[in-house]
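Participant: File follows, run.cif with mmCIF, C-alpha atoms:
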```cif
data_upload
loop_
_atom_site.label_atom_id
_atom_site.label_comp_id
_atom_site.auth_asym_id
_atom_site.auth_seq_id
_atom_site.Cartn_x
_atom_site.Cartn_y
_atom_site.Cartn_z
CA MET A 97 -9.03 41.31 30.54
CA ALA A 98 -8.17 39.54 27.28
CA ASP A 99 -6.41 36.22 27.16
CA ASP A 100 -2.99 36.41 25.60
CA ASP A 101 -1.80 33.84 23.08
CA VAL A 102 1.66 32.31 23.28
CA ASN A 103 3.23 35.32 21.60
CA GLY A 104 1.58 37.83 23.90
CA ALA A 105 -0.77 39.16 21.22
CA THR A 106 -4.33 39.83 22.31
CA SER A 107 -7.00 37.77 20.58
CA ALA A 108 -8.86 39.16 17.57
CA ALA A 109 -12.10 38.78 19.52
CA GLU A 110 -10.85 41.61 21.71
CA GLY A 111 -10.26 43.80 18.67
CA GLU A 112 -6.49 43.50 18.44
CA ILE A 113 -5.05 41.55 15.56
CA PRO A 114 -1.30 40.96 15.35
CA ALA A 115 0.36 43.28 12.84
CA ASP A 116 1.40 40.55 10.38
CA ILE A 117 -2.15 39.21 10.20
CA ALA A 118 -3.68 42.69 9.91
CA GLU A 119 -1.25 43.39 7.07
CA ARG A 120 -2.28 40.23 5.20
CA ILE A 121 -5.97 40.99 5.68
CA GLU A 122 -5.50 44.52 4.39
CA ALA A 123 -3.63 43.24 1.31
CA VAL A 124 -6.55 40.91 0.53
CA ARG A 125 -9.02 43.78 1.02
CA GLU A 126 -7.04 45.98 -1.37
CA LYS A 127 -6.83 43.24 -4.01
CA SER A 128 -10.40 41.95 -3.87
CA GLY A 129 -12.35 44.87 -2.44
CA PHE A 130 -13.55 42.87 0.59
CA VAL A 131 -12.25 40.55 3.30
CA PRO A 132 -13.27 36.89 2.89
CA ASN A 133 -14.91 35.58 6.05
CA VAL A 134 -12.28 32.86 6.48
CA PHE A 135 -9.70 35.57 7.20
CA THR A 136 -11.73 37.22 9.93
CA GLY A 137 -12.76 33.85 11.38
CA LEU A 138 -9.22 32.54 11.65
CA ALA A 139 -7.80 35.87 12.85
CA GLU A 140 -9.19 34.97 16.28
CA ARG A 141 -6.52 32.25 16.45
CA PRO A 142 -3.30 33.94 15.27
CA GLU A 143 -1.07 30.84 15.30
CA LEU A 144 -3.69 28.82 13.44
CA PHE A 145 -4.16 31.70 10.97
CA ARG A 146 -0.44 31.75 10.22
CA ALA A 147 -0.13 27.98 9.85
CA PHE A 148 -3.32 27.72 7.78
CA PHE A 149 -2.35 30.39 5.28
CA HIS A 150 1.26 29.26 5.12
CA PHE A 151 0.12 25.79 4.06
CA HIS A 152 -2.51 27.30 1.74
CA ASP A 153 0.14 29.37 -0.01
CA LEU A 154 2.49 26.39 -0.35
CA VAL A 155 -0.05 24.34 -2.30
CA MET A 156 -2.23 26.97 -3.98
CA ASP A 157 0.14 29.73 -5.09
CA ARG A 158 2.12 27.56 -7.49
CA ASP A 159 1.78 27.17 -11.22
CA THR A 160 3.54 24.16 -12.73
CA GLN A 161 3.49 22.97 -16.31
CA ALA A 162 0.98 20.21 -15.52
CA LEU A 163 -0.96 21.80 -12.64
CA SER A 164 -2.01 25.42 -13.06
CA LYS A 165 -3.52 27.67 -10.41
CA ALA A 166 -6.90 27.11 -12.10
CA ASP A 167 -6.41 23.34 -11.84
CA ARG A 168 -5.69 23.76 -8.15
CA GLU A 169 -8.96 25.67 -7.69
CA LEU A 170 -10.75 22.90 -9.61
CA ILE A 171 -9.45 20.40 -7.03
CA VAL A 172 -10.71 22.64 -4.22
CA VAL A 173 -14.17 22.93 -5.76
CA ALA A 174 -14.47 19.17 -6.35
CA THR A 175 -13.17 18.33 -2.86
CA SER A 176 -15.35 20.92 -1.15
CA ALA A 177 -18.44 19.76 -3.05
CA ALA A 178 -17.71 16.17 -1.97
CA ASN A 179 -17.60 17.49 1.61
CA SER A 180 -20.76 19.64 1.12
CA CYS A 181 -18.88 22.80 2.09
CA THR A 182 -20.86 25.76 0.82
CA TYR A 183 -18.25 28.31 1.90
CA CYS A 184 -15.37 26.73 -0.04
CA VAL A 185 -17.46 25.76 -3.09
CA VAL A 186 -18.71 29.32 -3.44
CA ALA A 187 -15.45 31.12 -2.59
CA HIS A 188 -13.14 28.89 -4.61
CA GLY A 189 -15.74 28.50 -7.33
CA ALA A 190 -15.45 32.26 -7.83
CA ILE A 191 -11.67 32.03 -8.07
CA LEU A 192 -11.95 29.08 -10.49
CA ARG A 193 -14.37 31.00 -12.73
CA ILE A 194 -11.93 33.91 -12.85
CA ARG A 195 -8.80 31.82 -13.41
CA ASP A 196 -10.46 29.62 -16.05
CA LYS A 197 -12.35 32.52 -17.61
CA ASP A 198 -15.37 30.20 -17.61
CA PRO A 199 -18.56 31.26 -15.79
CA GLU A 200 -19.96 27.70 -15.73
CA ILE A 201 -17.15 25.33 -14.79
CA ALA A 202 -17.32 25.67 -11.00
CA ASP A 203 -21.07 25.09 -10.87
CA LEU A 204 -20.88 22.08 -13.18
CA VAL A 205 -18.08 20.45 -11.22
CA SER A 206 -19.67 21.10 -7.84
CA VAL A 207 -23.12 19.80 -8.80
CA ASP A 208 -22.30 16.83 -11.04
CA PRO A 209 -18.57 16.36 -11.63
CA ALA A 210 -19.14 13.22 -13.72
CA LYS A 211 -20.97 15.29 -16.35
CA ALA A 212 -18.75 18.37 -16.23
CA PRO A 213 -17.02 19.03 -19.57
CA LEU A 214 -13.43 18.21 -18.61
CA ASP A 215 -10.58 17.10 -20.85
CA ASP A 216 -8.83 13.81 -20.04
CA ARG A 217 -6.19 15.49 -17.86
CA ARG A 218 -8.69 17.38 -15.75
CA ARG A 219 -11.02 14.37 -15.59
CA ALA A 220 -8.18 12.29 -14.11
CA ILE A 221 -7.37 15.04 -11.59
CA VAL A 222 -11.00 15.46 -10.49
CA ASP A 223 -11.69 11.72 -10.33
CA TYR A 224 -8.58 11.12 -8.21
CA SER A 225 -9.39 14.08 -5.95
CA LEU A 226 -12.95 12.88 -5.41
CA ARG A 227 -11.84 9.34 -4.54
CA LEU A 228 -9.32 10.71 -2.08
CA ALA A 229 -11.91 13.07 -0.53
CA ARG A 230 -14.70 10.48 -0.34
CA THR A 231 -12.95 7.18 0.37
CA PRO A 232 -9.34 7.87 1.34
CA GLU A 233 -8.94 4.39 2.77
CA ASP A 234 -9.39 2.98 -0.76
CA VAL A 235 -6.63 5.11 -2.31
CA GLY A 236 -3.04 3.89 -2.52
CA PRO A 237 0.16 4.70 -4.39
CA ASP A 238 -0.91 2.83 -7.55
CA ASP A 239 -3.93 5.12 -7.95
CA ALA A 240 -1.62 8.03 -8.77
CA GLU A 241 -0.64 6.30 -12.02
CA ALA A 242 -3.72 7.79 -13.68
CA LEU A 243 -2.31 11.24 -12.88
CA ARG A 244 1.14 10.38 -14.23
CA THR A 245 -0.49 9.13 -17.43
CA VAL A 246 -1.95 12.60 -18.05
CA GLY A 247 1.35 14.38 -17.41
CA LEU A 248 1.50 15.14 -13.70
CA THR A 249 4.84 14.75 -11.98
CA ASP A 250 5.31 13.25 -8.54
CA ASP A 251 5.64 16.80 -7.21
CA ASP A 252 2.28 17.69 -8.80
CA ILE A 253 0.73 14.56 -7.27
CA TRP A 254 1.98 15.62 -3.84
CA ASP A 255 0.23 18.94 -4.44
CA VAL A 256 -3.05 17.27 -5.48
CA VAL A 257 -3.01 15.11 -2.33
CA SER A 258 -2.07 18.10 -0.17
CA ILE A 259 -4.86 20.25 -1.62
CA VAL A 260 -7.48 17.54 -1.04
CA GLY A 261 -6.24 17.03 2.52
CA PHE A 262 -5.91 20.71 3.31
CA PHE A 263 -9.38 21.52 2.08
CA GLY A 264 -10.77 18.59 4.05
CA LEU A 265 -9.51 20.57 7.08
CA SER A 266 -10.80 23.86 5.70
CA ASN A 267 -14.22 22.36 4.94
CA ARG A 268 -14.50 21.05 8.48
CA LEU A 269 -13.60 24.42 9.97
CA ALA A 270 -16.21 26.09 7.77
CA HIS A 271 -18.86 23.56 8.82
CA ALA A 272 -18.05 23.64 12.53
CA PHE A 273 -18.11 27.45 12.75
CA ASP A 274 -20.92 27.98 10.20
CA MET A 275 -18.71 30.09 7.95
CA ARG A 276 -20.83 31.75 5.26
CA PRO A 277 -19.58 32.88 1.86
CA ASN A 278 -19.30 36.63 1.42
CA PRO A 279 -22.00 37.94 -0.97
CA GLU A 280 -19.28 39.21 -3.32
CA PHE A 281 -18.17 35.65 -4.13
CA PHE A 282 -21.51 34.77 -5.73
CA LEU A 283 -21.04 37.36 -8.48
CA MET A 284 -17.33 37.02 -9.22
CA GLY A 285 -16.38 35.60 -12.61
CA ARG A 286 -19.98 35.32 -13.83
CA THR A 287 -19.70 37.85 -16.64
CA PRO A 288 -16.70 38.81 -18.77
CA ARG A 289 -14.98 42.06 -17.84
#
```
Before anything else, please render the file you have as structure tokens.
Facilitator:
Amino acid sequence: MADDDVNGATSAAEGEIPADIAERIEAVREKSGFVPNVFTGLAERPELFRAFFHFHDLVMDRDTQALSKADRELIVVATSAANSCTYCVVAHGAILRIRDKDPEIADLVSVDPAKAPLDDRRRAIVDYSLRLARTPEDVGPDDAEALRTVGLTDDDIWDVVSIVGFFGLSNRLAHAFDMRPNPEFFLMGRTPR
């Protein structure tokens, strides 16, 4: 007999996924042609799945004047590389390549961000994100001034901090459960369509 979660839904491990989660997974499959492993991994914990993707959507599905969706993926790639998270570097590297229309940027940032060809705005964003990911205890409110100088608002700065923090969580989940990137991610955004 399957264990029931707090809402009475049977766990995904038993083959039954709550309707709202199944719907989201199917929408991703229709859009991308496959289901990223993070979706199937988290589907085993419905409440965590909902909370995880709700927070993801809050910080990643926005486009502001100073912080585009591509910039947000750049933060994910830099953060995930700092945390040695293969799953997130590969998966979000694919999304970054597509959003930036640049087949090289994700690899350059993940391998050697200091040498990646970034403009001053993106350099400030990546440098701040890396400091926060690597040595959070050394980062304080005054460090955000570098982001304001390149045009980010306080709302954008909240998003940068939230993305770094959220993907710290995501990276740790991927490590702990040995989440592997889907093969499709390795090819996405490598050649122009």
Participant: Could you expand the PyMOL selection byres ((chain A and resi 169-178) around 9) into the explicit residues it covers here, written as number ranges by chain?
Facilitator: A: 156, 164-168, 179-189, 191-192, 195, 201-203, 205-207, 209, 218, 221-223, 225-226, 228-230, 256, 259-261, 263-264, 266-267
Participant: Work out how far CA of Arg158 (chain A) is from CA of Ile121 (chain A), in Å to one decimal.
Facilitator: 20.5 Å
Participant: Between A:Ala162, A:Leu283, A:Met275, A:Leu214, which is the closest to Arg244 (chain A) once you count all atoms listed in the file?
Facilitator: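 Using all atoms listed in the file, Arg244 (chain A) sits closest to A:Ala162.
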Participant: How big is the axis-aligned box around all listed atoms of region 201-220 of chain A once 3 Å goes on each side, and where's its centre, in Å to one decimal, as AutoDock Vina command-line options?
Facilitator:
```
--center_x -14.7 --center_y 19.0 --center_z -14.3 --size_x 22.9 --size_y 19.4 --size_z 19.0
```
Participant: Please measure the separation of CA of Asp250 (chain A) and CA of Leu265 (chain A), giving the value in Å to one decimal.
Facilitator: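 Between these atoms lies a distance of 22.7 Å.
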Participant: Given the file shown, enumerate the residues that the PyMOL selection byres ((chain A and resi 279) around 12) captures and present them as a VMD selection string.
Facilitator: chain A and resid 129 to 133 183 186 to 187 190 276 to 278 280 to 284
Participant: Applying 10 Å and only C-alpha atoms, which residues near Thr287 (chain A) remain after dropping the ones on its own chain fewer than 5 positions away? List them as a PDB file with C-alpha atoms, in the frame of the given file.
Facilitator:
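Full text of out-v4.pdb as output:
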```
ATOM      1  CA  ARG A 193     -14.370  31.000 -12.730  1.00  0.00           C
ATOM      2  CA  ILE A 194     -11.930  33.910 -12.850  1.00  0.00           C
ATOM      3  CA  LYS A 197     -12.350  32.520 -17.610  1.00  0.00           C
ATOM      4  CA  ASP A 198     -15.370  30.200 -17.610  1.00  0.00           C
ATOM      5  CA  PRO A 199     -18.560  31.260 -15.790  1.00  0.00           C
TER       6      PRO A 199
END
```
Participant: I need the residue set behind the PyMOL selection byres ((chain A and resi 135) around 12) for this file; please write it as a ChimeraX atom specification.
Facilitator: /A:108,113,117-125,130-134,136-142,144-146,148-149,266,270,275-278
Participant: Could you state the separation of CA of Ala272 (chain A) and CA of Lys127 (chain A) in Å, given to one decimal place?
Facilitator: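 Rounded to one decimal, the two atoms are 28.0 Å apart.
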Participant: Quick one: of A:Phe151, A:Pro237, A:Glu200, A:Leu243, who's nearest to Arg219 (chain A), counting only C-alpha atoms?
Facilitator: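 So, comparing all the options, the nearest one is A:Leu243.
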Participant: Can you put N, CA and C atoms back into region 113-149 of chain A and show it as a PDB file, keeping the file's coordinate frame?
Facilitator:
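Wrote out.pdb, looks like this:
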```
ATOM      1  N   ILE A 113      -5.581  42.585  16.441  1.00  0.00           N
ATOM      2  CA  ILE A 113      -5.050  41.550  15.560  1.00  0.00           C
ATOM      3  C   ILE A 113      -3.560  41.798  15.414  1.00  0.00           C
ATOM      4  N   PRO A 114      -2.743  40.768  15.526  1.00  0.00           N
ATOM      5  CA  PRO A 114      -1.300  40.960  15.350  1.00  0.00           C
ATOM      6  C   PRO A 114      -0.996  41.648  14.012  1.00  0.00           C
ATOM      7  N   ALA A 115       0.042  42.446  14.005  1.00  0.00           N
ATOM      8  CA  ALA A 115       0.360  43.280  12.840  1.00  0.00           C
ATOM      9  C   ALA A 115       0.529  42.477  11.554  1.00  0.00           C
ATOM     10  N   ASP A 116       1.193  41.315  11.603  1.00  0.00           N
ATOM     11  CA  ASP A 116       1.400  40.550  10.380  1.00  0.00           C
ATOM     12  C   ASP A 116       0.089  40.046   9.792  1.00  0.00           C
ATOM     13  N   ILE A 117      -0.850  39.698  10.660  1.00  0.00           N
ATOM     14  CA  ILE A 117      -2.150  39.210  10.200  1.00  0.00           C
ATOM     15  C   ILE A 117      -2.984  40.377   9.664  1.00  0.00           C
ATOM     16  N   ALA A 118      -2.969  41.499  10.374  1.00  0.00           N
ATOM     17  CA  ALA A 118      -3.680  42.690   9.910  1.00  0.00           C
ATOM     18  C   ALA A 118      -3.167  43.126   8.538  1.00  0.00           C
ATOM     19  N   GLU A 119      -1.866  43.022   8.345  1.00  0.00           N
ATOM     20  CA  GLU A 119      -1.250  43.390   7.070  1.00  0.00           C
ATOM     21  C   GLU A 119      -1.744  42.468   5.938  1.00  0.00           C
ATOM     22  N   ARG A 120      -1.803  41.184   6.214  1.00  0.00           N
ATOM     23  CA  ARG A 120      -2.280  40.230   5.200  1.00  0.00           C
ATOM     24  C   ARG A 120      -3.747  40.482   4.880  1.00  0.00           C
ATOM     25  N   ILE A 121      -4.549  40.721   5.897  1.00  0.00           N
ATOM     26  CA  ILE A 121      -5.970  40.990   5.680  1.00  0.00           C
ATOM     27  C   ILE A 121      -6.153  42.246   4.846  1.00  0.00           C
ATOM     28  N   GLU A 122      -5.388  43.265   5.149  1.00  0.00           N
ATOM     29  CA  GLU A 122      -5.500  44.520   4.390  1.00  0.00           C
ATOM     30  C   GLU A 122      -5.081  44.329   2.936  1.00  0.00           C
ATOM     31  N   ALA A 123      -4.057  43.523   2.695  1.00  0.00           N
ATOM     32  CA  ALA A 123      -3.630  43.240   1.310  1.00  0.00           C
ATOM     33  C   ALA A 123      -4.738  42.535   0.533  1.00  0.00           C
ATOM     34  N   VAL A 124      -5.429  41.615   1.183  1.00  0.00           N
ATOM     35  CA  VAL A 124      -6.550  40.910   0.530  1.00  0.00           C
ATOM     36  C   VAL A 124      -7.682  41.904   0.251  1.00  0.00           C
ATOM     37  N   ARG A 125      -7.971  42.769   1.212  1.00  0.00           N
ATOM     38  CA  ARG A 125      -9.020  43.780   1.020  1.00  0.00           C
ATOM     39  C   ARG A 125      -8.689  44.687  -0.175  1.00  0.00           C
ATOM     40  N   GLU A 126      -7.444  45.114  -0.268  1.00  0.00           N
ATOM     41  CA  GLU A 126      -7.040  45.980  -1.370  1.00  0.00           C
ATOM     42  C   GLU A 126      -7.153  45.266  -2.720  1.00  0.00           C
ATOM     43  N   LYS A 127      -6.806  43.997  -2.754  1.00  0.00           N
ATOM     44  CA  LYS A 127      -6.830  43.240  -4.010  1.00  0.00           C
ATOM     45  C   LYS A 127      -8.251  42.890  -4.442  1.00  0.00           C
ATOM     46  N   SER A 128      -9.080  42.445  -3.500  1.00  0.00           N
ATOM     47  CA  SER A 128     -10.400  41.950  -3.870  1.00  0.00           C
ATOM     48  C   SER A 128     -11.543  42.922  -3.598  1.00  0.00           C
ATOM     49  N   GLY A 129     -11.299  43.920  -2.762  1.00  0.00           N
ATOM     50  CA  GLY A 129     -12.350  44.870  -2.440  1.00  0.00           C
ATOM     51  C   GLY A 129     -13.162  44.478  -1.215  1.00  0.00           C
ATOM     52  N   PHE A 130     -12.876  43.328  -0.617  1.00  0.00           N
ATOM     53  CA  PHE A 130     -13.550  42.870   0.590  1.00  0.00           C
ATOM     54  C   PHE A 130     -12.650  41.875   1.303  1.00  0.00           C
ATOM     55  N   VAL A 131     -13.031  41.515   2.520  1.00  0.00           N
ATOM     56  CA  VAL A 131     -12.250  40.550   3.300  1.00  0.00           C
ATOM     57  C   VAL A 131     -13.060  39.251   3.389  1.00  0.00           C
ATOM     58  N   PRO A 132     -12.569  38.169   2.776  1.00  0.00           N
ATOM     59  CA  PRO A 132     -13.270  36.890   2.890  1.00  0.00           C
ATOM     60  C   PRO A 132     -13.434  36.484   4.353  1.00  0.00           C
ATOM     61  N   ASN A 133     -14.590  35.931   4.670  1.00  0.00           N
ATOM     62  CA  ASN A 133     -14.910  35.580   6.050  1.00  0.00           C
ATOM     63  C   ASN A 133     -13.912  34.621   6.689  1.00  0.00           C
ATOM     64  N   VAL A 134     -13.256  33.785   5.896  1.00  0.00           N
ATOM     65  CA  VAL A 134     -12.280  32.860   6.480  1.00  0.00           C
ATOM     66  C   VAL A 134     -11.134  33.626   7.154  1.00  0.00           C
ATOM     67  N   PHE A 135     -10.782  34.777   6.608  1.00  0.00           N
ATOM     68  CA  PHE A 135      -9.700  35.570   7.200  1.00  0.00           C
ATOM     69  C   PHE A 135     -10.104  36.114   8.563  1.00  0.00           C
ATOM     70  N   THR A 136     -11.304  36.667   8.648  1.00  0.00           N
ATOM     71  CA  THR A 136     -11.730  37.220   9.930  1.00  0.00           C
ATOM     72  C   THR A 136     -11.998  36.111  10.937  1.00  0.00           C
ATOM     73  N   GLY A 137     -12.517  34.977  10.472  1.00  0.00           N
ATOM     74  CA  GLY A 137     -12.760  33.850  11.380  1.00  0.00           C
ATOM     75  C   GLY A 137     -11.482  33.316  11.983  1.00  0.00           C
ATOM     76  N   LEU A 138     -10.478  33.107  11.150  1.00  0.00           N
ATOM     77  CA  LEU A 138      -9.220  32.540  11.650  1.00  0.00           C
ATOM     78  C   LEU A 138      -8.360  33.564  12.388  1.00  0.00           C
ATOM     79  N   ALA A 139      -8.604  34.840  12.181  1.00  0.00           N
ATOM     80  CA  ALA A 139      -7.800  35.870  12.850  1.00  0.00           C
ATOM     81  C   ALA A 139      -7.942  35.783  14.373  1.00  0.00           C
ATOM     82  N   GLU A 140      -9.016  35.140  14.838  1.00  0.00           N
ATOM     83  CA  GLU A 140      -9.190  34.970  16.280  1.00  0.00           C
ATOM     84  C   GLU A 140      -8.192  33.994  16.877  1.00  0.00           C
ATOM     85  N   ARG A 141      -7.541  33.216  16.009  1.00  0.00           N
ATOM     86  CA  ARG A 141      -6.520  32.250  16.450  1.00  0.00           C
ATOM     87  C   ARG A 141      -5.247  32.533  15.658  1.00  0.00           C
ATOM     88  N   PRO A 142      -4.445  33.491  16.070  1.00  0.00           N
ATOM     89  CA  PRO A 142      -3.300  33.940  15.270  1.00  0.00           C
ATOM     90  C   PRO A 142      -2.355  32.824  14.821  1.00  0.00           C
ATOM     91  N   GLU A 143      -2.017  31.895  15.714  1.00  0.00           N
ATOM     92  CA  GLU A 143      -1.070  30.840  15.300  1.00  0.00           C
ATOM     93  C   GLU A 143      -1.707  29.925  14.260  1.00  0.00           C
ATOM     94  N   LEU A 144      -2.980  29.621  14.427  1.00  0.00           N
ATOM     95  CA  LEU A 144      -3.690  28.820  13.440  1.00  0.00           C
ATOM     96  C   LEU A 144      -3.789  29.568  12.117  1.00  0.00           C
ATOM     97  N   PHE A 145      -4.090  30.858  12.168  1.00  0.00           N
ATOM     98  CA  PHE A 145      -4.160  31.700  10.970  1.00  0.00           C
ATOM     99  C   PHE A 145      -2.848  31.596  10.188  1.00  0.00           C
ATOM    100  N   ARG A 146      -1.744  31.783  10.886  1.00  0.00           N
ATOM    101  CA  ARG A 146      -0.440  31.750  10.220  1.00  0.00           C
ATOM    102  C   ARG A 146      -0.150  30.387   9.597  1.00  0.00           C
ATOM    103  N   ALA A 147      -0.394  29.332  10.361  1.00  0.00           N
ATOM    104  CA  ALA A 147      -0.130  27.980   9.850  1.00  0.00           C
ATOM    105  C   ALA A 147      -1.059  27.658   8.682  1.00  0.00           C
ATOM    106  N   PHE A 148      -2.328  27.993   8.815  1.00  0.00           N
ATOM    107  CA  PHE A 148      -3.320  27.720   7.780  1.00  0.00           C
ATOM    108  C   PHE A 148      -2.931  28.390   6.469  1.00  0.00           C
ATOM    109  N   PHE A 149      -2.658  29.677   6.514  1.00  0.00           N
ATOM    110  CA  PHE A 149      -2.350  30.390   5.280  1.00  0.00           C
ATOM    111  C   PHE A 149      -0.960  30.080   4.743  1.00  0.00           C
TER     112      PHE A 149
END
```
